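Asker: Just one file: target_25.txt, with compact mmCIF, C-alpha atoms.
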# COMPACT_ATOMS: atom_id res chain seq x y z
CA MET P 16 176.69 115.19 196.13
CA THR P 17 179.47 113.05 197.67
CA THR P 18 179.51 112.05 201.35
CA ALA P 19 182.33 114.52 202.04
CA GLU P 20 180.39 117.34 200.40
CA LYS P 21 177.37 116.50 202.57
CA TYR P 22 179.49 116.83 205.71
CA VAL P 23 181.03 120.12 204.52
CA THR P 24 177.58 121.49 203.67
CA GLY P 25 176.29 120.32 207.07
CA ALA P 26 179.09 122.17 208.89
CA TYR P 27 178.43 125.40 206.96
CA LEU P 28 174.68 125.07 207.54
CA VAL P 29 175.36 124.85 211.29
CA LEU P 30 176.99 128.30 211.18
CA LEU P 31 174.21 129.69 208.98
CA GLY P 32 171.56 128.21 211.30
CA ALA P 33 173.28 129.70 214.35
CA LEU P 34 173.41 133.12 212.69
CA LEU P 35 169.73 132.96 211.74
CA ALA P 36 168.78 131.84 215.26
CA TYR P 37 170.79 134.74 216.68
CA LEU P 38 169.08 137.15 214.28
CA ILE P 39 165.65 135.94 215.45
CA ILE P 40 166.66 136.26 219.13
CA ILE P 41 167.95 139.81 218.54
CA ALA P 42 164.79 140.75 216.61
CA LEU P 43 162.63 139.50 219.50
CA LYS P 44 164.80 141.36 222.00
CA VAL P 45 164.58 144.63 220.05
CA GLY P 46 160.78 144.22 219.95
CA ARG P 47 160.66 143.69 223.71
CA LEU P 48 162.93 146.70 224.38
CA GLU P 49 160.79 148.86 222.08
CA GLN P 50 157.66 147.84 224.01
CA GLU P 51 159.32 148.52 227.38
CA LEU P 52 160.51 151.92 226.21
CA ALA P 53 157.00 152.80 225.03
CA ASP P 54 155.58 151.73 228.43
CA LEU P 55 158.15 153.81 230.32
CA THR P 56 157.58 156.84 228.09
CA ARG P 57 153.82 156.58 228.79
CA ALA P 58 154.47 156.20 232.53
CA ALA P 59 156.80 159.24 232.51
CA ARG P 60 154.19 161.34 230.67
CA GLU P 61 151.47 160.30 233.12
CA LYS P 62 153.73 161.16 236.05
CA GLN P 63 154.54 164.55 234.56
CA GLY P 64 150.87 165.23 233.88
CA GLY P 65 150.14 164.54 237.54
CA MET L 11 184.75 151.35 219.48
CA SER L 12 183.91 154.27 217.16
CA THR L 13 180.96 154.12 214.74
CA SER L 14 183.22 153.97 211.64
CA LEU L 15 185.28 151.15 213.14
CA ARG L 16 182.09 149.32 214.06
CA ASN L 17 180.75 149.72 210.50
CA ASN L 18 184.09 148.51 209.12
CA ALA L 19 183.85 145.39 211.29
CA VAL L 20 180.36 144.69 209.91
CA LEU L 21 181.57 145.28 206.35
CA ALA L 22 184.65 143.10 206.86
CA GLY L 23 182.47 140.28 208.22
CA VAL L 24 180.03 140.57 205.32
CA LEU L 25 182.82 140.51 202.71
CA LEU L 26 185.52 138.27 204.17
CA LEU L 27 183.45 135.34 205.42
CA PRO L 28 181.72 134.62 202.07
CA LEU L 29 185.06 135.27 200.29
CA GLY L 30 186.74 132.64 202.49
CA VAL L 31 183.90 130.19 201.85
CA LEU L 32 184.00 130.74 198.08
CA LEU L 33 187.79 130.48 197.86
CA GLY L 34 187.73 127.36 200.02
CA ALA L 35 185.04 125.84 197.82
CA PHE L 36 186.47 126.66 194.39
CA TRP L 37 190.16 127.54 194.63
CA ILE L 38 191.41 124.53 196.60
CA PRO L 39 189.76 121.41 195.20
CA GLU L 40 191.15 119.04 197.83
CA ALA L 41 193.77 119.08 200.53
CA LYS L 42 195.76 116.40 202.35
CA GLY L 43 193.62 113.70 200.76
CA ASP L 44 190.67 114.67 202.95
CA PRO L 45 187.66 115.71 200.82
CA ALA L 46 186.00 117.20 203.90
CA PHE L 47 189.02 119.43 204.58
CA ARG L 48 187.02 122.54 203.67
CA ILE L 49 185.49 122.38 207.16
CA PHE L 50 188.96 123.53 208.31
CA TYR L 51 188.23 127.06 207.00
CA LEU L 52 185.22 127.20 209.30
CA HIS L 53 186.16 125.06 212.28
CA VAL L 54 189.62 126.46 213.09
CA PRO L 55 188.68 130.19 212.75
CA ILE L 56 185.62 129.56 214.96
CA ALA L 57 187.79 127.81 217.57
CA LEU L 58 190.41 130.58 217.58
CA THR L 59 187.64 133.20 217.77
CA ALA L 60 186.20 131.39 220.81
CA TYR L 61 189.64 131.55 222.47
CA GLY L 62 189.81 135.24 221.53
CA CYS L 63 186.40 135.95 223.08
CA PHE L 64 187.40 134.22 226.32
CA GLY L 65 190.63 136.22 226.26
CA VAL L 66 188.73 139.51 225.85
CA GLY L 67 186.36 138.44 228.65
CA ALA L 68 189.33 137.83 230.95
CA TRP L 69 191.00 141.10 229.95
CA LYS L 70 187.81 143.05 230.75
CA ALA L 71 187.55 141.15 234.04
CA LEU L 72 191.11 142.14 234.89
CA ARG L 73 190.28 145.77 234.09
CA LEU L 74 187.27 145.55 236.39
CA LEU L 75 189.36 144.24 239.28
CA TRP L 76 192.16 146.69 238.55
CA LYS L 77 190.25 149.89 237.79
CA GLY L 78 186.99 149.11 239.57
CA GLU L 79 184.90 150.51 236.69
CA ARG L 80 181.59 148.66 236.62
CA ARG L 81 181.13 148.90 232.84
CA TYR L 82 183.82 146.23 232.43
CA ASP L 83 181.55 143.69 234.12
CA LEU L 84 178.99 143.86 231.32
CA GLU L 85 181.76 143.86 228.69
CA SER L 86 183.41 140.79 230.23
CA TYR L 87 180.07 139.00 230.51
CA THR L 88 179.21 139.76 226.86
CA ALA L 89 182.60 138.55 225.59
CA ILE L 90 182.24 135.28 227.53
CA HIS L 91 178.68 134.93 226.21
CA MET L 92 180.09 135.20 222.66
CA GLY L 93 182.92 132.80 223.53
CA VAL L 94 180.45 130.15 224.67
CA ILE L 95 178.44 130.50 221.43
CA PHE L 96 181.60 130.17 219.31
CA GLY L 97 182.78 127.34 221.58
CA LEU L 98 179.57 125.42 220.96
CA LEU L 99 179.97 125.98 217.21
CA THR L 100 183.57 124.69 217.46
CA LEU L 101 182.38 121.48 219.09
CA VAL L 102 179.56 120.95 216.58
CA THR L 103 181.62 121.68 213.42
CA GLY L 104 184.52 119.64 214.83
CA SER L 105 182.23 116.69 215.50
CA ILE L 106 180.88 116.81 211.93
CA TRP L 107 184.43 116.77 210.55
CA ALA L 108 185.46 114.02 212.99
CA LYS L 109 182.56 111.83 211.92
CA TYR L 110 183.77 111.96 208.33
CA ALA L 111 187.54 111.86 208.94
CA TRP L 112 187.74 109.49 211.94
CA GLY L 113 184.39 107.73 211.71
CA THR L 114 183.30 108.95 215.13
CA TRP L 115 181.58 112.10 216.45
CA TRP L 116 183.85 112.32 219.47
CA SER L 117 187.05 110.77 220.85
CA TRP L 118 187.68 110.84 224.60
CA GLY L 119 191.29 109.83 223.97
CA GLU L 120 192.07 113.13 222.23
CA ARG L 121 193.56 115.64 224.65
CA GLN L 122 192.82 118.64 222.42
CA LEU L 123 189.12 117.76 222.26
CA VAL L 124 188.77 116.99 225.96
CA LEU L 125 190.67 120.13 227.02
CA PHE L 126 188.51 122.28 224.77
CA LEU L 127 185.40 120.63 226.22
CA ILE L 128 186.65 121.38 229.75
CA LEU L 129 187.25 125.03 228.75
CA PHE L 130 183.77 125.22 227.20
CA LEU L 131 182.07 123.66 230.24
CA PHE L 132 184.07 125.90 232.57
CA TYR L 133 182.83 129.03 230.82
CA SER L 134 179.30 127.62 230.50
CA SER L 135 179.29 127.35 234.30
CA TYR L 136 180.17 131.07 234.47
CA PHE L 137 176.49 131.89 233.90
CA MET L 138 175.37 129.65 236.77
CA LEU L 139 177.84 131.36 239.11
CA ARG L 140 176.85 134.80 237.88
CA TYR L 141 173.12 134.30 238.35
CA SER L 142 173.45 132.47 241.67
CA THR L 143 174.34 135.77 243.39
CA ASP L 144 172.43 139.05 243.55
CA PRO L 145 173.46 141.90 241.21
CA GLY L 146 176.08 144.18 242.69
CA PRO L 147 179.81 144.54 243.33
CA ARG L 148 180.11 141.08 244.89
CA ARG L 149 178.70 139.37 241.81
CA GLU L 150 180.91 141.48 239.56
CA ARG L 151 184.06 140.58 241.49
CA ASN L 152 183.22 136.86 241.67
CA SER L 153 182.46 136.74 237.95
CA ALA L 154 185.69 138.59 237.14
CA VAL L 155 187.83 136.21 239.22
CA TYR L 156 186.14 133.21 237.57
CA ALA L 157 186.69 134.67 234.08
CA LEU L 158 190.37 135.25 234.86
CA PHE L 159 190.85 131.76 236.24
CA GLY L 160 189.28 130.21 233.14
CA VAL L 161 191.58 131.95 230.69
CA THR L 162 194.58 130.13 232.19
CA LEU L 163 193.13 126.95 230.67
CA ILE L 164 193.89 128.27 227.14
CA PRO L 165 197.72 128.11 227.37
CA VAL L 166 197.40 124.87 229.36
CA SER L 167 195.36 123.46 226.49
CA PHE L 168 197.92 124.54 223.87
CA LEU L 169 200.94 123.34 225.88
CA ALA L 170 199.44 120.01 226.91
CA ILE L 171 198.72 119.10 223.29
CA ARG L 172 202.23 119.95 222.16
CA ILE L 173 203.94 118.22 225.07
CA ALA L 174 201.80 115.10 225.16
CA GLY L 175 201.39 114.65 221.39
CA THR L 176 198.20 113.77 219.58
CA ILE L 177 196.59 110.61 218.23
CA LEU L 178 193.95 111.76 215.75
CA HIS L 179 193.53 115.54 215.91
CA PRO L 180 196.19 117.28 213.79
CA THR L 181 198.27 120.15 215.20
CA VAL L 182 198.72 122.62 212.34
CA PHE L 183 200.35 125.49 214.24
CA THR L 184 203.71 124.38 215.60
CA HIS L 185 206.88 126.25 216.61
CA GLU L 186 208.00 125.79 212.99
CA GLY L 187 205.04 127.83 211.75
CA PRO L 188 201.74 126.84 210.14
CA GLN L 189 201.90 123.31 208.71
CA MET L 190 199.93 123.98 205.52
CA THR L 191 200.40 125.25 201.96
CA TRP L 192 200.31 129.00 201.29
CA GLU L 193 196.97 128.68 199.47
CA ILE L 194 195.35 127.00 202.45
CA PHE L 195 196.96 129.48 204.83
CA THR L 196 195.69 132.45 202.75
CA ILE L 197 192.10 131.18 202.76
CA PHE L 198 192.42 130.38 206.45
CA LEU L 199 193.56 133.98 207.18
CA ILE L 200 190.65 135.44 205.17
CA SER L 201 188.15 133.20 206.96
CA PHE L 202 189.71 133.96 210.34
CA ALA L 203 189.55 137.73 209.71
CA GLY L 204 185.91 137.35 208.65
CA MET L 205 185.09 135.32 211.74
CA LEU L 206 186.78 137.89 214.02
CA ALA L 207 184.81 140.67 212.32
CA LEU L 208 181.60 138.68 212.78
CA ALA L 209 182.40 138.11 216.47
CA ALA L 210 183.19 141.82 216.96
CA THR L 211 179.87 142.76 215.33
CA LEU L 212 177.86 140.29 217.43
CA TYR L 213 179.69 141.50 220.55
CA ARG L 214 178.71 145.12 219.86
CA VAL L 215 175.08 144.23 219.14
CA GLU L 216 174.82 142.05 222.25
CA LEU L 217 176.54 144.65 224.44
CA ALA L 218 174.27 147.42 223.14
CA GLY L 219 171.21 145.26 223.92
CA LYS L 220 172.42 144.53 227.44
CA ARG L 221 173.22 148.21 228.07
CA ILE L 222 169.77 149.32 226.88
CA ASP L 223 168.24 146.63 229.07
CA ALA L 224 170.16 147.93 232.10
CA SER L 225 169.22 151.55 231.36
CA LEU L 226 165.54 150.66 231.02
CA ARG L 227 165.64 148.76 234.33
CA GLU L 228 167.16 151.83 236.01
CA LEU L 229 164.56 154.09 234.42
CA ARG L 230 161.76 151.77 235.59
CA GLU L 231 163.07 151.96 239.16
CA LEU L 232 163.26 155.77 238.98
CA LEU L 233 159.70 156.02 237.73
CA ALA L 234 158.28 153.53 240.25
As structure tokens, what does this structure read like?
Answerer:
Amino acid sequence: MTTAEKYVTGAYLVLLGALLAYLIIIALKVGRLEQELADLTRAAREKQGG
Amino acid sequence: MSTSLRNNAVLAGVLLLPLGVLLGAFWIPEAKGDPAFRIFYLHVPIALTAYGCFGVGAWKALRLLWKGERRYDLESYTAIHMGVIFGLLTLVTGSIWAKYAWGTWWSWGERQLVLFLILFLFYSSYFMLRYSTDPGPRRERNSAVYALFGVTLIPVSFLAIRIAGTILHPTVFTHEGPQMTWEIFTIFLISFAGMLALAATLYRVELAGKRIDASLRELRELLA
């Protein structure tokens, strides 16, 4: 691999890395929202049950 | 944005970005005597997408101030959030290219670079301003005014470069049109369309997450 190709690959890997990082952040966020929704659903059921 | 349009944006991003990368890698062996020129197909679309995101953020901010509808606050915030991410990617990919082409990661003498950095730092500060005040109409108005003020830096950036000239950083889009061959311009357009589709997809995902977050917070308060 030439020096230029290393720089080109590096630039493309930056974008790929950013996309993967974003995917992980979103996955964690979805997990947190799912947990919060489950907690609220339980709280709503308890409130309804008296 | 309708569901079909949203799905089309995802599909366009999935197809066009790799197509741009592959065409850039195999169709054009070398351009302008710069073997690292292929970074152009990534760096310039990312930079223009960042400008676009800031523009959308300002447009939504204007709608908020004009119409007074609170949903525009979240939309403006999300677009600026995306703009800052794409702005950071512009700086990083640009620095990688600069290191190869100019032998340095950064040049303070380049107006285009410094103006873009100012724009990036200005919008990065948006988050500090936003979270320094309590949620409510005041924060929404302040954020909207800030977002609108920042977008004026984009034409200033473009004009300053063209008036003052450039030392190292090339200016490929002039009043005489794009200064590149049709092959390069074609791949650039494909990559740019892919990048816009990617940004639109990320914007929708981020906005949906923020809206769900806000709804859950409201629900929590109602149940408390």
Asker: So the first atom is CA of Glu20 (chain P) and the second is CA of Val124 (chain L); what is the distance between them in Å, to one decimal place?
Answerer: 26.9 Å
Asker: Can you work out which residues from chain P touch chain L at a cut-off of 6 Å (counting only C-alpha atoms) and hand them back as an MDAnalysis selection string?
Answerer: chainID P and resid 19 23 26
Asker: Would you be able to write out as a compact mmCIF listing (two decimals) with C-alpha atoms, keeping the file's coordinate frame which residues have an atom within 12 Å of (153.6, 159.6, 233.3) in the file's coordinates, counting only C-alpha atoms?
Answerer:
# COMPACT_ATOMS: atom_id res chain seq x y z
CA ALA P 53 157.00 152.80 225.03
CA ASP P 54 155.58 151.73 228.43
CA LEU P 55 158.15 153.81 230.32
CA THR P 56 157.58 156.84 228.09
CA ARG P 57 153.82 156.58 228.79
CA ALA P 58 154.47 156.20 232.53
CA ALA P 59 156.80 159.24 232.51
CA ARG P 60 154.19 161.34 230.67
CA GLU P 61 151.47 160.30 233.12
CA LYS P 62 153.73 161.16 236.05
CA GLN P 63 154.54 164.55 234.56
CA GLY P 64 150.87 165.23 233.88
CA GLY P 65 150.14 164.54 237.54
CA ARG L 230 161.76 151.77 235.59
CA LEU L 232 163.26 155.77 238.98
CA LEU L 233 159.70 156.02 237.73
CA ALA L 234 158.28 153.53 240.25
Asker: At what distance in Å, to one decimal, does CA of Leu33 (chain L) lie from CA of Thr196 (chain L)?
Answerer: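 Straight-line distance from CA of Thr196 (chain L) to CA of Leu33 (chain L) works out to 9.5 Å.
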Asker: Report, in Å with one decimal, the straight-line distance from CA of Ile128 (chain L) to CA of Asn152 (chain L).
Answerer: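 For CA of Ile128 (chain L) relative to CA of Asn152 (chain L), the distance reads 19.8 Å.
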Asker: Do a neighbour search on region 159-163 of chain L at 8 Å with all atoms listed in the file, toss out local chain neighbours closer than 4 positions, and write the hits as a PyMOL selection string.
Answerer: chain L and resi 64-65+68+129+132-133+155+167
Asker: Pull C-alpha atoms from the residues just selected and write them as a compact mmCIF listing (two decimals), in the frame of the given file.
Answerer:
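That gives us selection_34.txt:
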# COMPACT_ATOMS: atom_id res chain seq x y z
CA PHE L 64 187.40 134.22 226.32
CA GLY L 65 190.63 136.22 226.26
CA ALA L 68 189.33 137.83 230.95
CA LEU L 129 187.25 125.03 228.75
CA PHE L 132 184.07 125.90 232.57
CA TYR L 133 182.83 129.03 230.82
CA VAL L 155 187.83 136.21 239.22
CA SER L 167 195.36 123.46 226.49
Asker: I want to know what sits within 12 Å of region 74-78 of chain L, based on only C-alpha atoms, with residues of the same chain fewer than 4 positions away left out; could you give that as a count of residues only?
Answerer: 22
Asker: Just the residues within 9 Å of His179 (chain L), please, counting only C-alpha atoms, with nothing from its chain fewer than 6 positions along; format it as a ChimeraX atom specification.
Answerer: /L:108,120-123
